[in-house]
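**Student:** My structure is in run.txt, and what it holds is compact mmCIF, C-alpha atoms and all ligand atoms:
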# COMPACT_ATOMS: atom_id res chain seq x y z
CA MET A 1427 -11.31 2.32 -11.85
CA ASP A 1428 -8.98 -0.24 -13.31
CA GLY A 1429 -6.08 -0.69 -10.87
CA LYS A 1430 -4.65 -3.53 -12.91
CA SER A 1431 -4.14 -1.32 -15.99
CA PHE A 1432 -3.04 1.75 -14.04
CA SER A 1433 -0.53 -0.30 -12.00
CA ALA A 1434 0.95 -1.56 -15.28
CA VAL A 1435 1.37 2.06 -16.42
CA LEU A 1436 3.05 2.97 -13.12
CA ARG A 1437 5.36 -0.08 -13.29
CA GLY A 1438 6.26 0.95 -16.85
CA ARG A 1439 7.23 4.44 -15.60
CA VAL A 1440 9.32 2.90 -12.79
CA SER A 1441 11.06 0.52 -15.24
CA ALA A 1442 11.88 3.41 -17.58
CA ALA A 1443 13.33 5.48 -14.72
CA VAL A 1444 15.35 2.47 -13.46
CA GLY A 1445 16.68 1.93 -17.00
CA ARG A 1446 17.90 5.55 -17.06
CA LEU A 1447 19.57 5.19 -13.63
CA VAL A 1448 21.40 2.07 -14.72
CA ALA A 1449 22.46 3.56 -18.07
CA GLU A 1450 23.51 6.99 -16.78
CA ARG A 1451 24.76 6.26 -13.26
CA GLY A 1452 25.45 2.53 -13.21
CA VAL A 1453 23.26 1.90 -10.14
CA ALA A 1454 20.21 -0.39 -9.92
CA PRO A 1455 17.82 0.04 -6.97
CA GLY A 1456 17.67 -3.05 -4.73
CA LEU A 1457 14.80 -4.39 -2.61
CA ALA A 1458 15.09 -7.03 0.13
CA VAL A 1459 11.86 -8.73 1.21
CA VAL A 1460 11.70 -10.81 4.39
CA LEU A 1461 9.03 -13.46 4.93
CA VAL A 1462 8.74 -15.21 8.29
CA GLY A 1463 6.57 -18.33 8.27
CA GLU A 1464 4.36 -19.90 5.61
CA ASP A 1465 1.17 -17.87 5.47
CA PRO A 1466 -0.18 -18.86 2.01
CA ALA A 1467 -1.35 -15.38 0.95
CA SER A 1468 1.95 -13.81 2.12
CA GLN A 1469 3.91 -16.36 0.09
CA VAL A 1470 2.01 -15.30 -3.05
CA TYR A 1471 2.52 -11.58 -2.35
CA VAL A 1472 6.26 -12.05 -1.67
CA ARG A 1473 6.72 -14.11 -4.83
CA ASN A 1474 4.91 -11.44 -6.89
CA LYS A 1475 7.02 -8.68 -5.32
CA GLY A 1476 10.20 -10.52 -6.36
CA ILE A 1477 8.96 -11.08 -9.92
CA GLN A 1478 7.81 -7.48 -10.40
CA THR A 1479 10.99 -6.05 -8.84
CA ARG A 1480 13.17 -8.02 -11.25
CA ASP A 1481 10.87 -7.16 -14.20
CA ALA A 1482 11.41 -3.47 -13.38
CA GLY A 1483 15.18 -3.95 -13.70
CA MET A 1484 15.90 -3.76 -9.96
CA ASN A 1485 17.86 -6.14 -7.76
CA SER A 1486 15.69 -8.37 -5.58
CA TRP A 1487 16.53 -10.51 -2.55
CA GLU A 1488 14.09 -12.77 -0.73
CA HIS A 1489 14.82 -13.96 2.81
CA ARG A 1490 12.53 -16.75 3.99
CA LEU A 1491 12.72 -17.65 7.68
CA PRO A 1492 10.88 -20.44 9.53
CA ALA A 1493 7.81 -19.44 11.58
CA GLU A 1494 9.59 -20.29 14.85
CA THR A 1495 12.58 -17.98 14.15
CA PRO A 1496 13.51 -16.06 17.33
CA GLN A 1497 12.89 -12.31 17.01
CA GLN A 1498 16.59 -11.68 17.73
CA ASP A 1499 17.53 -13.54 14.53
CA LEU A 1500 15.13 -11.42 12.48
CA LEU A 1501 16.54 -8.24 14.06
CA ALA A 1502 20.08 -9.43 13.24
CA LEU A 1503 19.08 -9.96 9.58
CA ILE A 1504 17.53 -6.46 9.45
CA GLY A 1505 20.78 -5.07 10.88
CA ARG A 1506 22.76 -6.70 8.06
CA LEU A 1507 20.33 -5.36 5.41
CA ASN A 1508 20.49 -1.86 6.97
CA ALA A 1509 24.29 -1.95 6.58
CA ASP A 1510 24.30 -3.25 2.98
CA PRO A 1511 24.69 -0.32 0.52
CA ALA A 1512 23.23 -2.37 -2.38
CA VAL A 1513 19.92 -2.68 -0.48
CA HIS A 1514 17.88 0.52 -0.86
CA GLY A 1515 14.57 -0.88 0.37
CA ILE A 1516 13.69 -3.38 3.11
CA LEU A 1517 10.22 -4.86 3.58
CA VAL A 1518 9.17 -7.33 6.27
CA GLN A 1519 5.98 -9.03 5.08
CA LEU A 1520 3.07 -8.78 7.53
CA PRO A 1521 1.53 -10.41 9.43
CA LEU A 1522 4.42 -11.74 11.53
CA PRO A 1523 4.05 -14.85 13.71
CA GLY A 1524 2.39 -14.21 17.07
CA HIS A 1525 5.57 -14.39 19.18
CA MET A 1526 7.06 -11.38 17.40
CA ASP A 1527 6.57 -7.69 18.23
CA ALA A 1528 5.80 -6.20 14.81
CA GLY A 1529 6.34 -2.61 16.05
CA ALA A 1530 9.85 -3.41 17.34
CA VAL A 1531 10.72 -5.25 14.11
CA ILE A 1532 9.53 -2.38 11.88
CA ASP A 1533 11.33 0.22 13.96
CA ALA A 1534 14.59 -1.74 13.58
CA ILE A 1535 14.54 -0.96 9.82
CA ASP A 1536 16.60 2.06 8.74
CA PRO A 1537 13.83 4.68 8.11
CA ALA A 1538 15.54 5.64 4.82
CA LYS A 1539 15.12 2.02 3.61
CA ASP A 1540 11.60 1.59 5.06
CA VAL A 1541 9.80 1.27 1.71
CA ASP A 1542 6.61 0.26 3.56
CA GLY A 1543 6.54 3.63 5.33
CA PHE A 1544 5.58 1.93 8.61
CA HIS A 1545 8.55 3.11 10.73
CA VAL A 1546 7.46 5.55 13.43
CA LEU A 1547 9.72 8.24 11.94
CA ASN A 1548 8.05 7.96 8.55
CA VAL A 1549 4.62 7.97 10.21
CA GLY A 1550 5.56 11.20 12.02
CA ARG A 1551 7.02 12.77 8.90
CA LEU A 1552 3.89 12.00 6.87
CA GLY A 1553 1.68 13.42 9.63
CA THR A 1554 3.69 16.65 9.78
CA GLY A 1555 3.92 17.17 6.01
CA GLN A 1556 7.62 16.32 5.72
CA LYS A 1557 9.32 14.16 3.11
CA ALA A 1558 8.43 10.59 4.11
CA MET A 1559 8.28 7.07 2.77
CA VAL A 1560 4.53 6.61 2.22
CA PRO A 1561 2.76 3.25 2.84
CA CYS A 1562 2.15 1.52 -0.48
CA THR A 1563 -1.58 0.75 -0.30
CA PRO A 1564 -2.73 4.28 0.64
CA LEU A 1565 -0.27 5.74 -1.88
CA GLY A 1566 -1.84 3.51 -4.55
CA CYS A 1567 -5.32 4.70 -3.53
CA LEU A 1568 -4.22 8.33 -3.76
CA LEU A 1569 -2.72 7.86 -7.22
CA LEU A 1570 -5.96 6.23 -8.40
CA LEU A 1571 -8.01 9.08 -6.93
CA LYS A 1572 -5.85 11.76 -8.56
CA GLU A 1573 -5.97 9.94 -11.89
CA GLN A 1574 -9.78 9.83 -11.66
CA LEU A 1575 -10.56 13.24 -10.12
CA GLY A 1576 -7.51 15.47 -10.59
CA ASP A 1577 -7.56 18.08 -7.81
CA LEU A 1578 -9.08 16.72 -4.58
CA SER A 1579 -9.20 20.09 -2.74
CA GLY A 1580 -12.31 20.72 -0.69
CA LEU A 1581 -13.86 17.29 -1.23
CA ASP A 1582 -15.47 15.41 1.67
CA ALA A 1583 -13.55 12.16 2.22
CA VAL A 1584 -14.61 9.37 4.56
CA VAL A 1585 -12.10 6.64 5.42
CA VAL A 1586 -13.72 3.60 7.03
CA GLY A 1587 -11.01 1.82 9.03
CA ARG A 1588 -8.24 3.13 11.29
CA SER A 1589 -5.37 0.69 10.81
CA ASN A 1590 -1.77 1.91 10.85
CA ILE A 1591 -1.21 0.31 7.42
CA VAL A 1592 -4.13 1.86 5.53
CA GLY A 1593 -6.73 3.94 7.40
CA LYS A 1594 -4.50 6.38 9.29
CA PRO A 1595 -1.97 7.10 6.50
CA MET A 1596 -4.84 7.36 3.98
CA ALA A 1597 -6.44 10.05 6.14
CA GLN A 1598 -3.11 11.93 6.31
CA LEU A 1599 -2.65 11.79 2.54
CA LEU A 1600 -6.19 13.07 1.92
CA LEU A 1601 -5.68 15.89 4.44
CA ALA A 1602 -2.50 16.86 2.62
CA GLU A 1603 -4.62 17.09 -0.57
CA ASN A 1604 -6.93 19.54 1.25
CA CYS A 1605 -9.87 17.15 1.65
CA THR A 1606 -12.16 17.38 4.66
CA VAL A 1607 -11.50 13.99 6.22
CA THR A 1608 -13.58 11.83 8.55
CA VAL A 1609 -12.09 8.59 9.89
CA ALA A 1610 -14.87 6.15 10.77
CA HIS A 1611 -14.53 2.67 12.27
CA SER A 1612 -16.42 -0.28 13.73
CA ARG A 1613 -17.72 1.77 16.68
CA THR A 1614 -18.79 4.83 14.68
CA ARG A 1615 -22.43 5.67 15.29
CA ASP A 1616 -24.59 6.13 12.15
CA LEU A 1617 -21.81 4.85 9.89
CA ALA A 1618 -24.16 4.81 6.89
CA GLU A 1619 -24.96 8.51 7.38
CA HIS A 1620 -21.25 9.42 7.48
CA CYS A 1621 -20.64 7.42 4.30
CA ARG A 1622 -23.56 9.11 2.50
CA ARG A 1623 -21.81 12.50 2.92
CA ALA A 1624 -18.61 11.32 1.21
CA ASP A 1625 -17.46 12.56 -2.19
CA ILE A 1626 -14.58 10.10 -1.69
CA LEU A 1627 -15.25 6.90 0.25
CA VAL A 1628 -12.32 4.65 1.17
CA ALA A 1629 -13.35 1.29 2.66
CA ALA A 1630 -10.61 -0.49 4.61
CA VAL A 1631 -12.35 -2.47 7.34
CA GLY A 1632 -11.74 -6.07 6.26
CA ARG A 1633 -15.43 -7.10 6.34
CA ALA A 1634 -16.88 -8.55 3.16
CA GLY A 1635 -19.60 -6.38 1.57
CA MET A 1636 -20.16 -4.29 4.70
CA ILE A 1637 -20.65 -0.99 2.82
CA ARG A 1638 -24.00 -1.18 1.02
CA GLY A 1639 -25.02 0.56 -2.20
CA ASP A 1640 -27.53 2.80 -0.40
CA TRP A 1641 -24.73 4.16 1.84
CA ILE A 1642 -23.10 5.82 -1.16
CA LYS A 1643 -23.68 9.38 -2.32
CA PRO A 1644 -24.68 9.44 -6.02
CA GLY A 1645 -21.59 10.15 -8.12
CA ALA A 1646 -19.11 9.48 -5.28
CA THR A 1647 -15.71 7.92 -5.95
CA VAL A 1648 -15.35 4.66 -4.03
CA ILE A 1649 -12.02 3.00 -3.23
CA ASP A 1650 -12.37 -0.54 -1.91
CA VAL A 1651 -9.24 -1.69 -0.07
CA GLY A 1652 -10.80 -4.88 1.35
CA ILE A 1653 -9.48 -8.26 0.20
CA ASN A 1654 -11.78 -10.85 1.79
CA ARG A 1655 -11.75 -14.52 0.83
CA ILE A 1656 -15.27 -15.99 0.98
CA GLU A 1657 -16.70 -19.44 0.19
CA GLU A 1658 -19.76 -19.49 -2.06
CA GLU A 1659 -21.34 -22.71 -3.32
CA GLY A 1660 -18.14 -24.56 -2.42
CA ARG A 1661 -15.92 -22.12 -4.34
CA ALA A 1662 -13.55 -19.56 -2.83
CA ARG A 1663 -13.54 -16.03 -4.24
CA LEU A 1664 -12.22 -12.59 -3.32
CA VAL A 1665 -14.59 -9.75 -2.47
CA GLY A 1666 -14.09 -6.24 -1.13
CA ASP A 1667 -15.55 -4.36 1.83
CA VAL A 1668 -18.11 -2.75 -0.51
CA ASP A 1669 -21.14 -4.51 -1.98
CA PHE A 1670 -19.92 -3.95 -5.56
CA GLU A 1671 -23.18 -4.79 -7.37
CA GLY A 1672 -25.14 -2.32 -5.23
CA ALA A 1673 -22.45 0.39 -5.21
CA VAL A 1674 -21.69 0.38 -8.92
CA GLN A 1675 -25.30 1.56 -9.63
CA VAL A 1676 -24.77 4.71 -7.54
CA ALA A 1677 -21.06 5.58 -7.52
CA GLY A 1678 -19.40 7.81 -10.11
CA ALA A 1679 -16.40 5.48 -10.08
CA ILE A 1680 -15.41 2.44 -8.02
CA THR A 1681 -12.44 0.08 -7.75
CA PRO A 1682 -13.21 -3.64 -8.19
CA VAL A 1683 -11.84 -6.48 -6.05
CA PRO A 1684 -9.74 -8.10 -7.37
CA GLY A 1685 -8.06 -5.78 -9.89
CA GLY A 1686 -8.42 -2.46 -8.05
CA VAL A 1687 -6.21 -1.34 -5.18
CA GLY A 1688 -4.31 -4.65 -4.75
CA PRO A 1689 -2.11 -4.39 -7.87
CA MET A 1690 -1.34 -0.74 -7.03
CA THR A 1691 0.25 -1.85 -3.73
CA ILE A 1692 3.13 -3.67 -5.43
CA ALA A 1693 3.53 -0.99 -8.13
CA CYS A 1694 3.90 1.63 -5.36
CA LEU A 1695 6.43 -0.60 -3.58
CA LEU A 1696 8.58 -0.47 -6.72
CA ALA A 1697 8.11 3.31 -6.90
CA ASN A 1698 9.13 3.64 -3.23
CA THR A 1699 12.23 1.51 -3.78
CA LEU A 1700 13.28 3.75 -6.66
CA THR A 1701 12.58 6.81 -4.49
CA ALA A 1702 14.65 5.36 -1.61
CA CYS A 1703 17.55 4.69 -3.99
CA CYS A 1704 17.47 8.24 -5.40
CA ARG A 1705 17.28 9.79 -1.91
CA ALA A 1706 20.18 7.62 -0.68
CA GLN A 1707 22.36 8.85 -3.54
CA GLY A 1708 21.16 12.47 -3.40
CA TRP A 1709 19.76 12.23 -6.94
CA PRO A 1710 16.51 13.88 -8.14
CA GLU A 1711 13.61 11.59 -7.38
CA PRO A 1712 10.73 10.71 -9.73
CA ASP A 1713 7.65 12.83 -9.05
CA PHE A 1714 5.01 10.08 -9.53
CA ALA A 1715 5.61 8.86 -6.00
CA LYS A 1716 6.60 12.12 -4.35
CA THR A 1717 4.59 13.19 -1.32
CA GLY A 1718 5.42 15.74 1.37
CA GLY A 1719 8.60 17.73 1.82
N1 LIG A 1801 4.88 -5.41 4.81
C1 LIG A 1801 3.64 -5.41 4.26
N2 LIG A 1801 2.81 -6.41 4.52
C2 LIG A 1801 1.56 -6.37 3.97
C3 LIG A 1801 1.18 -5.33 3.09
C4 LIG A 1801 2.09 -4.29 2.84
O1 LIG A 1801 1.81 -3.29 2.11
N3 LIG A 1801 3.33 -4.37 3.44
N4 LIG A 1801 -0.06 -5.37 2.42
C5 LIG A 1801 -0.84 -6.58 2.46
C6 LIG A 1801 -0.52 -7.61 1.40
N5 LIG A 1801 -0.03 -7.13 0.11
C7 LIG A 1801 1.26 -6.78 0.01
O2 LIG A 1801 2.10 -7.10 0.81
C8 LIG A 1801 -0.81 -7.24 -1.09
C9 LIG A 1801 -2.14 -7.56 -1.04
C10 LIG A 1801 -2.86 -7.74 -2.23
C11 LIG A 1801 -2.26 -7.60 -3.47
C12 LIG A 1801 -3.00 -7.87 -4.74
O3 LIG A 1801 -2.45 -7.63 -5.80
N6 LIG A 1801 -4.22 -8.38 -4.68
C13 LIG A 1801 -4.95 -8.81 -5.85
C14 LIG A 1801 -5.56 -10.17 -5.57
C15 LIG A 1801 -4.52 -11.19 -5.27
C16 LIG A 1801 -5.09 -12.53 -4.87
O4 LIG A 1801 -5.67 -13.20 -5.73
O5 LIG A 1801 -4.93 -12.91 -3.70
C17 LIG A 1801 -6.06 -7.83 -6.18
O6 LIG A 1801 -6.59 -7.19 -5.25
O7 LIG A 1801 -6.39 -7.72 -7.35
C18 LIG A 1801 -0.93 -7.27 -3.50
C19 LIG A 1801 -0.21 -7.09 -2.33
C20 LIG A 1801 -0.68 -7.27 3.82
N7 LIG A 1801 0.67 -7.38 4.21
For the structure just supplied, provide its representation as structure tokens.
**Tutor:**
Amino acid sequence: MDGKSFSAVLRGRVSAAVGRLVAERGVAPGLAVVLVGEDPASQVYVRNKGIQTRDAGMNSWEHRLPAETPQQDLLALIGRLNADPAVHGILVQLPLPGHMDAGAVIDAIDPAKDVDGFHVLNVGRLGTGQKAMVPCTPLGCLLLLKEQLGDLSGLDAVVVGRSNIVGKPMAQLLLAENCTVTVAHSRTRDLAEHCRRADILVAAVGRAGMIRGDWIKPGATVIDVGINRIEEEGRARLVGDVDFEGAVQVAGAITPVPGGVGPMTIACLLANTLTACCRAQGWPEPDFAKTGG
């Protein structure tokens, strides 16, 4: 499954919808991204978010704070962004430096502007089938799955990983699509056996190549969320949580790393920002990113 191509299609749909908003209503959605510290991967992701936001015709603001910024200063910035009507989406890039309480920072964001869908109110809304902001990576996985399989009703789905960012919201989204969902993790007994029962296997554990080809049911659809940097023969490269060479022989479809789920994350961020803007104004929202409610 080619996430790079599909994310370009999704970004094209977002750009077209933004163009219509600007032409017909004179409003451009706006996204503020906050980066604290100098984590090299985060700097790349934040730069790409800014570029893709502007390319989609939206307003983009980047706030870069030093690693030693007191949490109070970050909370004060979030307060100003919450109060700014031109800002429809706010994203604080994770991970945060160790002295900060990520939960408290996320919950300081206005839930209506929480385009990451990490605020406890959005988590609760997603879990209870209400209109929510949905975390970008699992939303990207779901869009890929629906593009590949259509109706997911009744399928056995196994999510390996129970993080708040991917595993748990992924399980909620699959439940809402009427899948039978198992959430497995590092302490699951007979993990391979659980995986072998999956029509849909989502790997989000952060361990390079942990899911082997012989753990996969023939014909299954495999979504690899892992982005692991490994050194091989003195060269760094990115690999997923699934042993791609083994899995591709057995799976019906599989996402590569890179070029699978990763690009969908930023495309879904743009979709969420557009959704947040439409909801803030009481305008009809685009259905490509609609979930719940
Ligand atoms: N506030 C958030 N922080 C983080 C999130 C998030 O959704 N919200 N997710 C990740 C990082 N991330 C976006 O922020 C992200 C990760 C990967 C990609 C991507 O396009 N990956 C490429 C490879 C890129 C590379 O070469 O490094 C791919 O898989 O093809 C985009 C966004 C953690 N933090």
**Student:** Could you list, as a list in words, all the residues within 6 Å of ligand LIG 1801 (chain A), counting only C-alpha atoms and all ligand atoms?
**Tutor:**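 What falls inside 6 Å of ligand LIG 1801 (chain A) is Tyr1471, Leu1517, Val1518, Gln1519, Leu1520, Asp1542, Cys1562, Thr1563, Val1683, Pro1684, Gly1685, Gly1686, Val1687, Gly1688, Pro1689, Thr1691 and Ile1692 of chain A.
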**Student:** Can you spit out the residues from that selection as a PDB file, keeping the file's coordinate frame, using C-alpha atoms?
**Tutor:**
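Saved the output as part-v9.pdb:
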ATOM      1  CA  TYR A1471       2.520 -11.580  -2.350  1.00  0.00           C
ATOM      2  CA  LEU A1517      10.220  -4.860   3.580  1.00  0.00           C
ATOM      3  CA  VAL A1518       9.170  -7.330   6.270  1.00  0.00           C
ATOM      4  CA  GLN A1519       5.980  -9.030   5.080  1.00  0.00           C
ATOM      5  CA  LEU A1520       3.070  -8.780   7.530  1.00  0.00           C
ATOM      6  CA  ASP A1542       6.610   0.260   3.560  1.00  0.00           C
ATOM      7  CA  CYS A1562       2.150   1.520  -0.480  1.00  0.00           C
ATOM      8  CA  THR A1563      -1.580   0.750  -0.300  1.00  0.00           C
ATOM      9  CA  VAL A1683     -11.840  -6.480  -6.050  1.00  0.00           C
ATOM     10  CA  PRO A1684      -9.740  -8.100  -7.370  1.00  0.00           C
ATOM     11  CA  GLY A1685      -8.060  -5.780  -9.890  1.00  0.00           C
ATOM     12  CA  GLY A1686      -8.420  -2.460  -8.050  1.00  0.00           C
ATOM     13  CA  VAL A1687      -6.210  -1.340  -5.180  1.00  0.00           C
ATOM     14  CA  GLY A1688      -4.310  -4.650  -4.750  1.00  0.00           C
ATOM     15  CA  PRO A1689      -2.110  -4.390  -7.870  1.00  0.00           C
ATOM     16  CA  THR A1691       0.250  -1.850  -3.730  1.00  0.00           C
ATOM     17  CA  ILE A1692       3.130  -3.670  -5.430  1.00  0.00           C
TER      18      ILE A1692
END
**Student:** Here is a test: counting all atoms listed in the file, which residue of A:Met1526, A:Ile1626, A:Val1549, A:Ala1538 is nearest to Leu1581 in chain A?
**Tutor:**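 Residue with the minimum atom-to-atom distance to Leu1581 in chain A: A:Ile1626.
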**Student:** Env of range 1570-1576 of chain A: 9 Å cut, atoms = only C-alpha atoms, seq-sep filter 3 positions within chain, self excluded. Answer as number ranges by chain.
**Tutor:** A: 1427-1429, 1432, 1565-1567, 1626, 1647, 1649, 1679, 1681, 1687, 1690
**Student:** Export, as a PDB file, keeping the file's coordinate frame, the selected residues with C-alpha atoms.
**Tutor:**
ATOM      1  CA  MET A1427     -11.310   2.320 -11.850  1.00  0.00           C
ATOM      2  CA  ASP A1428      -8.980  -0.240 -13.310  1.00  0.00           C
ATOM      3  CA  GLY A1429      -6.080  -0.690 -10.870  1.00  0.00           C
ATOM      4  CA  PHE A1432      -3.040   1.750 -14.040  1.00  0.00           C
ATOM      5  CA  LEU A1565      -0.270   5.740  -1.880  1.00  0.00           C
ATOM      6  CA  GLY A1566      -1.840   3.510  -4.550  1.00  0.00           C
ATOM      7  CA  CYS A1567      -5.320   4.700  -3.530  1.00  0.00           C
ATOM      8  CA  ILE A1626     -14.580  10.100  -1.690  1.00  0.00           C
ATOM      9  CA  THR A1647     -15.710   7.920  -5.950  1.00  0.00           C
ATOM     10  CA  ILE A1649     -12.020   3.000  -3.230  1.00  0.00           C
ATOM     11  CA  ALA A1679     -16.400   5.480 -10.080  1.00  0.00           C
ATOM     12  CA  THR A1681     -12.440   0.080  -7.750  1.00  0.00           C
ATOM     13  CA  VAL A1687      -6.210  -1.340  -5.180  1.00  0.00           C
ATOM     14  CA  MET A1690      -1.340  -0.740  -7.030  1.00  0.00           C
TER      15      MET A1690
END
**Student:** Under the rule that all atoms listed in the file are counted, which of A:Pro1455, A:Pro1595, A:Gly1580, A:Gly1543 is the nearest residue to Leu1568 in chain A?
**Tutor:**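 Smallest distance to Leu1568 in chain A is found for A:Pro1595.
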**Student:** What is the distance, in Å and to one decimal place, between CA of Gly1476 in chain A and CA of Ala1458 in chain A?
**Tutor:** 8.8 Å
**Student:** Interatomic distance between CA of Ala1482 in chain A and CA of Leu1436 in chain A?
**Tutor:**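 Pair CA of Ala1482 in chain A / CA of Leu1436 in chain A returns 10.6 Å.
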**Student:** Rank nothing, just name the residue among A:Gly1505, A:Leu1491, A:Gly1463, A:Leu1552 nearest to Pro1523 in chain A, using all atoms listed in the file.
**Tutor:**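 That would be A:Gly1463, the residue with the smallest distance to Pro1523 in chain A.
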**Student:** Which residue gives the smallest distance to Ala1530 in chain A among A:Arg1615, A:His1545, A:Arg1473, A:Arg1551, with only C-alpha atoms counted?
**Tutor:**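 Of A:Arg1615, A:His1545, A:Arg1473, A:Arg1551, the one nearest Ala1530 in chain A, counting only C-alpha atoms, is A:His1545.
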**Student:** Could you check which of A:Val1560, A:Leu1457, A:Val1586, A:Ala1434 is closest to Arg1480 in chain A, using only C-alpha atoms?
**Tutor:**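 Of A:Val1560, A:Leu1457, A:Val1586, A:Ala1434, the one nearest Arg1480 in chain A, counting only C-alpha atoms, is A:Leu1457.
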**Student:** Pick the closest to Ile1516 in chain A from A:Val1607, A:Ala1467, A:Ile1532, A:Ile1637: which is it, counting only C-alpha atoms?
**Tutor:**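 Smallest distance to Ile1516 in chain A is found for A:Ile1532.
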**Student:** Calculate how many Å separate CA of Cys1694 in chain A from CA of Arg1655 in chain A, rounding to one decimal.
**Tutor:**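 Taking CA of Cys1694 in chain A as the start and CA of Arg1655 in chain A as the end point, the length is 23.3 Å.
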**Student:** Could you give me, as an MDAnalysis selection string, the residues within 7 Å of range 1596-1604 of chain A, counting only C-alpha atoms and dropping anything in the same chain fewer than 2 positions from it?
**Tutor:** chainID A and resid 1553 1564 1578:1580 1585 1592:1594 1606:1607 1609
**Student:** Dump as JSON lines the rows for residues of range 1513-1624 of chain A within 7 Å of range 1702-1706 of chain A: closest atom pair and distance in Å with one decimal, all atoms listed in the file counted, ordered by chain and rising residue number.
**Tutor:**
{"residue": "A:His1514", "atom": "CA", "partner": "A:Cys1703", "partner_atom": "CA", "distance": 5.2}
{"residue": "A:Gly1515", "atom": "CA", "partner": "A:Ala1702", "partner_atom": "CA", "distance": 6.5}
{"residue": "A:Ala1538", "atom": "CA", "partner": "A:Ala1702", "partner_atom": "CA", "distance": 6.5}
{"residue": "A:Lys1539", "atom": "CA", "partner": "A:Ala1702", "partner_atom": "CA", "distance": 6.2}
**Student:** For the selection just defined, write its residues with C-alpha atoms to a file, as a PDB file, in the frame of the given file.
**Tutor:**
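Generated output (out22.pdb):
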ATOM      1  CA  HIS A1514      17.880   0.520  -0.860  1.00  0.00           C
ATOM      2  CA  GLY A1515      14.570  -0.880   0.370  1.00  0.00           C
ATOM      3  CA  ALA A1538      15.540   5.640   4.820  1.00  0.00           C
ATOM      4  CA  LYS A1539      15.120   2.020   3.610  1.00  0.00           C
TER       5      LYS A1539
END
**Student:** Enumerate, as a list in words, the protein, DNA and RNA residues whose atoms approach (19.1, -8.4, 3.7) to within 10 Å, taking into account only C-alpha atoms and the coordinate frame of the file.
**Tutor:**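 Here is the list of nearby residues: Leu1457, Ala1458, Val1459, Val1460, Ser1486, Trp1487, Glu1488, His1489, Ala1502, Leu1503, Ile1504, Gly1505, Arg1506, Leu1507, Asn1508, Ala1509, Asp1510, Ala1512, Val1513, Gly1515, Ile1516 and Leu1517 of chain A.
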**Student:** (-26.0, 1.9, -4.3) in this file's frame - what residues fall within 7 Å of it? Use only C-alpha atoms and give the answer as a list in words.
**Tutor:** Arg1638, Gly1639, Asp1640, Trp1641, Ile1642, Gly1672, Ala1673, Val1674, Gln1675, Val1676 and Ala1677 of chain A
**Student:** Leaving out Gly1529 in chain A and any residue of its chain fewer than 2 positions from it, which residues lie within 12 Å of it when counting all atoms listed in the file, given as number ranges by chain?
**Tutor:** A: 1497, 1501, 1518, 1520-1522, 1526-1527, 1531-1535, 1544-1546, 1590-1591
